[in-house]
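Colleague: Quick one, entry.cif (mmCIF, C-alpha atoms):
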data_model
loop_
_atom_site.label_atom_id
_atom_site.label_comp_id
_atom_site.auth_asym_id
_atom_site.auth_seq_id
_atom_site.Cartn_x
_atom_site.Cartn_y
_atom_site.Cartn_z
CA MET A 62 0.00 0.00 0.00
CA THR A 63 1.37 3.41 -0.99
CA SER A 64 1.79 6.05 1.71
CA HIS A 65 1.57 9.71 0.86
CA VAL A 66 4.24 12.27 1.67
CA GLN A 67 4.43 15.89 0.58
CA LYS A 68 6.97 16.07 -2.26
CA SER A 69 7.16 19.83 -2.68
CA GLY A 70 9.98 20.22 -0.16
CA SER A 71 13.65 19.23 -0.18
CA ASP A 72 15.07 15.74 0.33
CA LEU A 73 15.64 16.78 3.97
CA SER A 74 11.92 17.52 4.35
CA LEU A 75 11.01 14.21 2.72
CA LYS A 76 13.45 12.39 4.98
CA ARG A 77 11.82 13.92 8.07
CA GLN A 78 8.33 12.96 6.89
CA ILE A 79 9.42 9.40 6.17
CA TYR A 80 11.28 9.17 9.48
CA ASP A 81 8.22 10.38 11.40
CA GLN A 82 5.85 8.01 9.59
CA MET A 83 8.20 5.04 9.97
CA LEU A 84 8.58 5.68 13.70
CA ASP A 85 4.83 6.06 14.10
CA GLU A 86 4.21 2.79 12.25
CA ILE A 87 6.80 1.02 14.41
CA LEU A 88 4.95 2.24 17.49
CA GLN A 89 1.63 1.19 15.98
CA GLY A 90 2.98 -2.33 15.43
CA THR A 91 3.15 -2.24 11.62
CA TYR A 92 6.86 -3.07 11.77
CA LYS A 93 7.90 -5.56 14.44
CA PRO A 94 11.11 -7.26 15.59
CA GLU A 95 12.27 -10.24 13.51
CA VAL A 96 10.15 -9.23 10.50
CA PRO A 97 12.63 -7.76 7.98
CA PHE A 98 11.72 -5.24 5.30
CA THR A 99 13.72 -3.76 2.43
CA GLU A 100 14.63 -0.32 1.19
CA LYS A 101 12.92 -1.20 -2.11
CA GLU A 102 9.63 -1.89 -0.30
CA LEU A 103 9.78 1.55 1.29
CA VAL A 104 10.60 3.27 -2.01
CA GLU A 105 7.47 1.68 -3.48
CA LYS A 106 5.40 2.41 -0.40
CA PHE A 107 6.29 6.11 -0.17
CA ASN A 108 6.69 6.57 -3.94
CA VAL A 109 9.89 8.62 -3.56
CA SER A 110 13.55 8.22 -4.50
CA LYS A 111 16.03 6.13 -2.50
CA SER A 112 17.86 9.12 -1.01
CA PRO A 113 15.31 10.31 1.61
CA ILE A 114 14.39 6.70 2.40
CA ARG A 115 18.02 5.80 3.04
CA GLU A 116 18.60 8.92 5.16
CA ALA A 117 15.56 8.16 7.33
CA LEU A 118 16.70 4.55 7.78
CA ILE A 119 20.23 5.65 8.72
CA GLU A 120 18.83 7.96 11.42
CA LEU A 121 16.59 5.22 12.80
CA CYS A 122 19.59 2.86 12.88
CA THR A 123 21.74 5.50 14.61
CA GLU A 124 19.06 5.93 17.28
CA GLY A 125 18.92 2.18 17.90
CA VAL A 126 15.39 1.76 16.56
CA LEU A 127 16.40 -0.33 13.53
CA ARG A 128 19.33 -2.52 12.56
CA SER A 129 20.68 -3.01 9.06
CA ILE A 130 21.00 -6.58 7.83
CA PRO A 131 23.69 -6.59 5.09
CA ARG A 132 22.38 -7.60 1.64
CA TYR A 133 18.95 -8.28 3.13
CA GLY A 134 17.21 -5.25 4.62
CA TYR A 135 16.26 -3.81 7.99
CA GLU A 136 14.42 -4.92 11.11
CA VAL A 137 13.18 -3.37 14.33
CA ILE A 138 15.56 -3.97 17.23
CA ARG A 139 14.02 -6.00 20.03
CA ILE A 140 14.47 -4.26 23.38
CA ALA A 141 15.75 -6.64 26.05
CA ASP A 142 14.27 -7.01 29.54
CA ARG A 143 17.59 -5.82 30.97
CA ASP A 144 17.35 -2.57 28.99
CA ILE A 145 13.92 -1.88 30.49
CA LYS A 146 15.12 -2.70 33.99
CA GLU A 147 18.04 -0.32 33.63
CA ALA A 148 15.84 2.38 32.11
CA LYS A 149 13.44 2.14 35.06
CA GLU A 150 16.34 2.34 37.53
CA TYR A 151 17.64 5.40 35.70
CA ARG A 152 14.20 7.05 35.78
CA ILE A 153 13.82 6.44 39.51
CA ILE A 154 17.15 8.15 40.17
CA LEU A 155 16.35 11.00 37.78
CA GLU A 156 12.69 11.64 38.62
CA CYS A 157 12.58 10.85 42.33
CA GLY A 158 15.95 12.47 42.90
CA SER A 159 14.92 15.67 41.16
CA LEU A 160 11.57 15.79 42.99
CA ASP A 161 13.45 15.49 46.26
CA GLN A 162 16.07 18.07 45.26
CA TYR A 163 13.66 20.68 43.85
CA TRP A 164 10.74 20.09 46.21
CA ASP A 165 10.74 23.61 47.65
CA MET A 166 10.73 25.36 44.28
CA ILE A 167 7.69 23.58 42.79
CA SER A 168 4.91 26.01 41.90
CA LEU A 169 1.56 24.97 43.37
CA ASP A 170 -0.12 26.79 40.48
CA ALA A 171 1.69 24.42 38.11
CA ILE A 172 0.51 21.46 40.20
CA ASP A 173 -3.08 22.72 40.02
CA ARG A 174 -2.81 22.99 36.24
CA MET A 175 -1.50 19.43 36.04
CA LEU A 176 -4.28 18.17 38.29
CA ALA A 177 -6.84 19.72 35.95
CA THR A 178 -5.46 17.60 33.09
CA GLN A 179 -5.57 14.35 35.09
CA GLU A 180 -9.35 14.10 35.16
CA PRO A 181 -10.70 11.20 33.07
CA GLY A 182 -11.34 12.33 29.51
CA PRO A 183 -14.45 11.57 27.46
CA GLY A 184 -14.64 8.18 25.83
CA GLU A 185 -12.02 5.52 25.31
CA ILE A 186 -8.37 5.90 24.36
CA SER A 187 -5.97 3.49 22.70
CA VAL A 188 -3.09 1.63 24.30
CA LEU A 189 -0.52 3.98 22.78
CA ASP A 190 -2.51 7.09 23.72
CA HIS A 191 -2.71 5.78 27.27
CA TRP A 192 1.06 5.37 27.42
CA ASN A 193 1.58 8.81 25.85
CA ARG A 194 -0.56 10.39 28.58
CA ASN A 195 1.60 8.64 31.14
CA SER A 196 4.75 10.01 29.49
CA ARG A 197 3.27 13.50 29.29
CA PHE A 198 2.63 13.51 33.05
CA HIS A 199 6.24 12.64 33.85
CA LEU A 200 7.59 15.24 31.42
CA ASP A 201 5.26 17.92 32.76
CA LEU A 202 6.35 17.15 36.32
CA ILE A 203 10.06 17.34 35.57
CA SER A 204 9.51 20.56 33.64
CA CYS A 205 8.49 22.18 36.96
CA TYR A 206 12.19 22.28 37.92
CA ASN A 207 13.22 24.45 34.95
CA ASN A 208 16.18 22.22 34.10
CA GLY A 209 16.28 21.62 30.37
CA TYR A 210 19.02 18.99 30.57
CA MET A 211 16.98 16.78 32.91
CA TYR A 212 13.90 17.24 30.75
CA ARG A 213 15.74 16.13 27.61
CA ALA A 214 17.31 13.17 29.44
CA LEU A 215 13.88 11.94 30.56
CA GLU A 216 12.42 12.56 27.11
CA SER A 217 15.12 10.36 25.56
CA CYS A 218 14.56 7.59 28.10
CA LEU A 219 10.80 7.68 27.56
CA ARG A 220 11.26 7.26 23.81
CA LEU A 221 13.04 3.97 24.49
CA MET A 222 10.36 2.90 26.95
CA THR A 223 7.58 3.80 24.52
CA ARG A 224 9.02 1.37 21.99
CA ALA A 225 9.45 -1.28 24.67
CA TYR A 226 5.89 -0.77 25.93
CA VAL A 227 4.51 -1.27 22.44
CA GLN A 228 6.84 -4.21 21.74
CA PHE A 229 5.85 -6.20 24.82
CA GLN A 230 2.22 -5.17 25.18
CA TRP A 231 0.84 -4.51 21.70
CA ASP A 232 -0.23 -8.04 20.81
CA ARG A 233 -1.70 -8.60 24.26
CA TRP A 234 -3.65 -5.35 24.47
CA ARG A 235 -4.22 -4.56 20.82
CA GLN A 236 -8.01 -4.70 21.08
CA THR A 237 -8.17 -3.11 24.52
CA LYS A 238 -9.32 0.45 25.16
CA PHE A 239 -8.72 2.44 28.35
CA ILE A 240 -10.54 5.33 29.96
CA GLY A 241 -8.87 8.14 31.86
CA THR A 242 -5.39 8.48 33.30
CA SER A 243 -3.46 6.78 36.08
CA ARG A 244 -4.74 7.27 39.62
CA LYS A 245 -1.16 7.37 40.82
CA HIS A 246 -0.52 10.58 38.89
CA ARG A 247 -3.29 12.35 40.76
CA ASP A 248 -2.03 10.88 44.02
CA VAL A 249 1.49 12.21 43.39
CA LEU A 250 0.17 15.68 42.59
CA ASN A 251 -2.12 15.79 45.61
CA CYS A 252 0.76 14.74 47.88
CA ILE A 253 2.90 17.54 46.48
CA LYS A 254 0.07 20.01 46.96
CA ASN A 255 -0.40 18.87 50.58
CA GLY A 256 3.32 18.94 51.38
CA GLU A 257 3.56 15.15 51.81
CA LYS A 258 7.03 14.64 50.39
CA THR A 259 7.71 11.06 51.49
CA SER A 260 4.38 9.83 50.13
CA ALA A 261 4.86 11.70 46.85
CA LEU A 262 8.28 10.09 46.36
CA ASP A 263 6.97 6.61 47.22
CA ILE A 264 4.02 6.84 44.82
CA LEU A 265 6.15 8.30 42.02
CA LYS A 266 8.59 5.40 42.39
CA GLN A 267 5.73 2.88 42.26
CA ASP A 268 4.39 4.50 39.10
CA ILE A 269 7.77 4.31 37.37
CA GLU A 270 8.32 0.69 38.41
CA GLY A 271 5.04 -0.55 36.99
CA PHE A 272 2.68 1.17 34.59
CA VAL A 273 -0.77 1.21 36.22
CA VAL A 274 -3.98 0.99 34.21
CA ASP A 275 -7.15 2.51 35.60
#
Before anything else, please render the file you have as structure tokens.

Modeller:
Amino acid sequence: MTSHVQKSGSDLSLKRQIYDQMLDEILQGTYKPEVPFTEKELVEKFNVSKSPIREALIELCTEGVLRSIPRYGYEVIRIADRDIKEAKEYRIILECGSLDQYWDMISLDAIDRMLATQEPGPGEISVLDHWNRNSRFHLDLISCYNNGYMYRALESCLRLMTRAYVQFQWDRWRQTKFIGTSRKHRDVLNCIKNGEKTSALDILKQDIEGFVVD
């Protein structure tokens, strides 16, 4: 099936469009580990020249999303259990440590704004949307400390965990829909608002260690 990209821009623009669509389709489960695909298939799919396709594939390989199989094609890299364990450990140090360190500078107005977004939304949401809401909460919380380096570090880690979440859960939960956001997010925010530091840190750690579905 042919995918459509805007061809009016430069090769760089085409490369970015193809990169974004490829990454989205990897997250949606279109491309999975141990199912190779070729550059030629992508050229036909996107109906563009090899150059932007190859550039997008090189970037995805550089980021550890894909691996090149010489004389054969490409495949999605399977994320190992150890990688997820280490990523969670890293997030606990980063997120809980920064909450502890910057506790006194957190704006309660910012916490109130975050609480307003944690109310259950209308209707059902997909598995990936549910995970993205979870990621958005953690990024919004760390943004309260006004430290761009920490924000970018968490953002990078969450990109890895998004792929892992989809990889390990997609087949199991593909037909499942969820409503609302995690209760633990609201609990963390309410603890911060009430000055309950120990409880906030404990709940935040629990949320990082195991994604909780309402």

Colleague: Using all atoms listed in the file, list the residues that have an atom at most 6 Å from (14.6, -3.3, 16.0), coordinates as in the file, as number ranges by chain.

Modeller: A: 94, 126-128, 136-139

Colleague: At what distance in Å, to one decimal, does CA of Asp173 (chain A) lie from CA of Met222 (chain A)?

Modeller: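 Computed distance, CA of Met222 (chain A) to CA of Asp173 (chain A), equals 27.3 Å.
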
Colleague: Find the distance between CA of Ala141 (chain A) and CA of Ala225 (chain A) and write it in Å to one decimal.

Modeller: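 Between CA of Ala141 (chain A) and CA of Ala225 (chain A) the gap is 8.4 Å.
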
Colleague: Name the residues that the PyMOL selection byres ((chain A and resi 260) around 12) picks from the file above, as a PyMOL selection string, using the file's chain letters and numbers.

Modeller: chain A and resi 157+160-161+245+248-259+261-267

Colleague: Measure the distance from CA of Tyr151 (chain A) to CA of Ile87 (chain A) in Å and round it to one decimal.

Modeller: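 One can read the CA of Tyr151 (chain A) to CA of Ile87 (chain A) distance as 24.3 Å.
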
Colleague: Spell out the residues picked by the PyMOL selection byres ((chain A and resi 134) around 6) here, as a PyMOL selection string.

Modeller: chain A and resi 98-99+130+133+135
